[in-house]
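Okay, structure first, notes after.
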Amino acid sequence: MANRKVEVFKFNNIGDSKGPVINLDFSGKDIVEMPVFYRESESNPEGHFHKGTDESFDPQYVYVLKGKMEFTCIYPEGRTEVLLVDELHGIILPKLVYHRYKTLEYTIFCEPRLEKYDINNNDKIICSAEDYPKIISEILKNEE
């Protein structure tokens, strides 16, 4: 089974006394768009996971440029993990891992995309944390 470990990482800050400077390195990746999200504190959209049919979500990278986010992640085997992602940090979310975020303050974040977003071909499966185990079990059973 593929690596499904969620990881939080810190940006390499190459700034100086004027302030932080980060260089998001996309070497070897063909980024076609970069949506930037502006969210008020306590923004808490629906939980979901990605099938990974869109390369942008296999895995999904989220870069927090300003603010702080809390991610609740549930792995296919049932383990739950809550991770804080501070300003100038990012998170890597593997496909099939359920996640729901909450902004803890005004937050600006971005997600690089390897494919143009197509509303008619959405990779995201929206569900509750309670429904996720049944849905993911069916998906994994069909993968065998």
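Identifiers in this document derive from the order of the structure tokens: chains are assigned A, B, ..., residues are numbered from 1 separately in each chain, and ligands are numbered from 1 in order of occurrence.
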For A:Lys66: contacts at 7 Å, only C-alpha atoms, fewer than 5 positions along chain excluded, given as a ChimeraX atom specification: /A:87-88,107-109
Output C-alpha atoms of each residue in that selection to a file, as a short mmCIF file (atom, residue, chain, number, x, y, z; two decimals), in the first residue's frame.
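The resulting file, out_35.cif, is shown below:
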```cif
data_model
loop_
_atom_site.label_atom_id
_atom_site.label_comp_id
_atom_site.auth_asym_id
_atom_site.auth_seq_id
_atom_site.Cartn_x
_atom_site.Cartn_y
_atom_site.Cartn_z
CA GLU A 87 2.48 30.28 9.18
CA LEU A 88 5.35 29.50 6.78
CA THR A 107 -5.30 32.63 7.12
CA ILE A 108 -3.94 32.80 3.59
CA PHE A 109 -2.91 29.50 2.01
#
```
Output as JSON lines one row per residue of stretch 60-143 of chain A within 7 Å of stretch 25-42 of chain A: the closest atom pair and its distance in Å to one decimal place, counting only C-alpha atoms, sorted by chain and residue number ascending.
```
{"residue": "A:Lys102", "atom": "CA", "partner": "A:Glu42", "partner_atom": "CA", "distance": 5.8}
{"residue": "A:Thr103", "atom": "CA", "partner": "A:Glu42", "partner_atom": "CA", "distance": 5.0}
{"residue": "A:Leu104", "atom": "CA", "partner": "A:Ser41", "partner_atom": "CA", "distance": 5.3}
{"residue": "A:Glu105", "atom": "CA", "partner": "A:Ser41", "partner_atom": "CA", "distance": 4.0}
{"residue": "A:Tyr106", "atom": "CA", "partner": "A:Glu40", "partner_atom": "CA", "distance": 4.5}
{"residue": "A:Thr107", "atom": "CA", "partner": "A:Arg39", "partner_atom": "CA", "distance": 5.3}
{"residue": "A:Ile108", "atom": "CA", "partner": "A:Tyr38", "partner_atom": "CA", "distance": 4.7}
{"residue": "A:Phe109", "atom": "CA", "partner": "A:Phe37", "partner_atom": "CA", "distance": 5.3}
{"residue": "A:Cys110", "atom": "CA", "partner": "A:Val36", "partner_atom": "CA", "distance": 4.3}
{"residue": "A:Glu111", "atom": "CA", "partner": "A:Met34", "partner_atom": "CA", "distance": 5.8}
{"residue": "A:Pro112", "atom": "CA", "partner": "A:Met34", "partner_atom": "CA", "distance": 4.6}
{"residue": "A:Arg113", "atom": "CA", "partner": "A:Glu33", "partner_atom": "CA", "distance": 5.3}
{"residue": "A:Leu114", "atom": "CA", "partner": "A:Ile31", "partner_atom": "CA", "distance": 4.8}
{"residue": "A:Glu115", "atom": "CA", "partner": "A:Val32", "partner_atom": "CA", "distance": 6.1}
{"residue": "A:Lys116", "atom": "CA", "partner": "A:Val32", "partner_atom": "CA", "distance": 6.4}
```
Can you tell me which residues surround A:Tyr132 at a distance of at most 12 Å, considering only C-alpha atoms, apart from same-chain residues fewer than 3 positions away, and format the answer as an mmCIF file with C-alpha atoms, in the first residue's frame?
```cif
data_model
loop_
_atom_site.group_PDB
_atom_site.id
_atom_site.type_symbol
_atom_site.label_atom_id
_atom_site.label_comp_id
_atom_site.auth_asym_id
_atom_site.auth_seq_id
_atom_site.Cartn_x
_atom_site.Cartn_y
_atom_site.Cartn_z
ATOM 1 C CA GLY A 47 -14.390 17.173 5.501
ATOM 2 C CA HIS A 48 -13.320 15.157 2.493
ATOM 3 C CA PHE A 49 -10.665 13.005 0.913
ATOM 4 C CA HIS A 50 -9.230 12.719 -2.573
ATOM 5 C CA CYS A 73 -6.908 13.626 9.510
ATOM 6 C CA ILE A 74 -8.265 10.098 9.532
ATOM 7 C CA TYR A 75 -6.249 7.346 7.888
ATOM 8 C CA PRO A 76 -7.891 4.465 6.013
ATOM 9 C CA GLU A 77 -6.996 2.050 8.832
ATOM 10 C CA GLY A 78 -8.919 4.266 11.293
ATOM 11 C CA ARG A 79 -6.186 6.187 13.107
ATOM 12 C CA THR A 80 -6.984 9.869 13.746
ATOM 13 C CA LEU A 96 -7.508 8.597 0.474
ATOM 14 C CA VAL A 97 -6.686 10.271 3.825
ATOM 15 C CA TYR A 98 -9.740 12.097 5.188
ATOM 16 C CA HIS A 99 -9.041 15.677 6.221
ATOM 17 C CA ARG A 100 -10.922 18.653 7.504
ATOM 18 C CA ILE A 125 -15.294 12.992 -2.016
ATOM 19 C CA ILE A 126 -17.112 15.053 0.619
ATOM 20 C CA CYS A 127 -18.275 13.105 3.650
ATOM 21 C CA SER A 128 -18.483 13.254 7.429
ATOM 22 C CA ALA A 129 -15.865 11.695 9.673
ATOM 23 C CA ILE A 135 -16.819 4.784 2.161
ATOM 24 C CA ILE A 136 -13.058 4.188 2.301
ATOM 25 C CA SER A 137 -13.572 0.505 3.079
ATOM 26 C CA GLU A 138 -15.589 0.099 -0.135
ATOM 27 C CA ILE A 139 -12.967 1.968 -2.178
ATOM 28 C CA LEU A 140 -10.096 -0.107 -0.790
#
```
Test item: residues at most 7 Å from A:Ile22, only C-alpha atoms, excluding those fewer than 4 positions along its chain, as a list in words: Phe11, Asn12, Asn13 and Ile14 of chain A
Store the residues of this selection in a file with C-alpha atoms, as a PDB file, in the first residue's frame.
```pdb
ATOM      1  CA  PHE A  11       9.485  26.445   4.691  1.00  0.00           C
ATOM      2  CA  ASN A  12      13.098  27.362   4.179  1.00  0.00           C
ATOM      3  CA  ASN A  13      13.046  31.041   5.178  1.00  0.00           C
ATOM      4  CA  ILE A  14      15.756  32.888   3.248  1.00  0.00           C
TER       5      ILE A  14
END
```
From A:Glu130, A:Asp123, A:Glu143, A:Asp86, residue lying nearest A:Lys51 [only C-alpha atoms]: A:Asp123
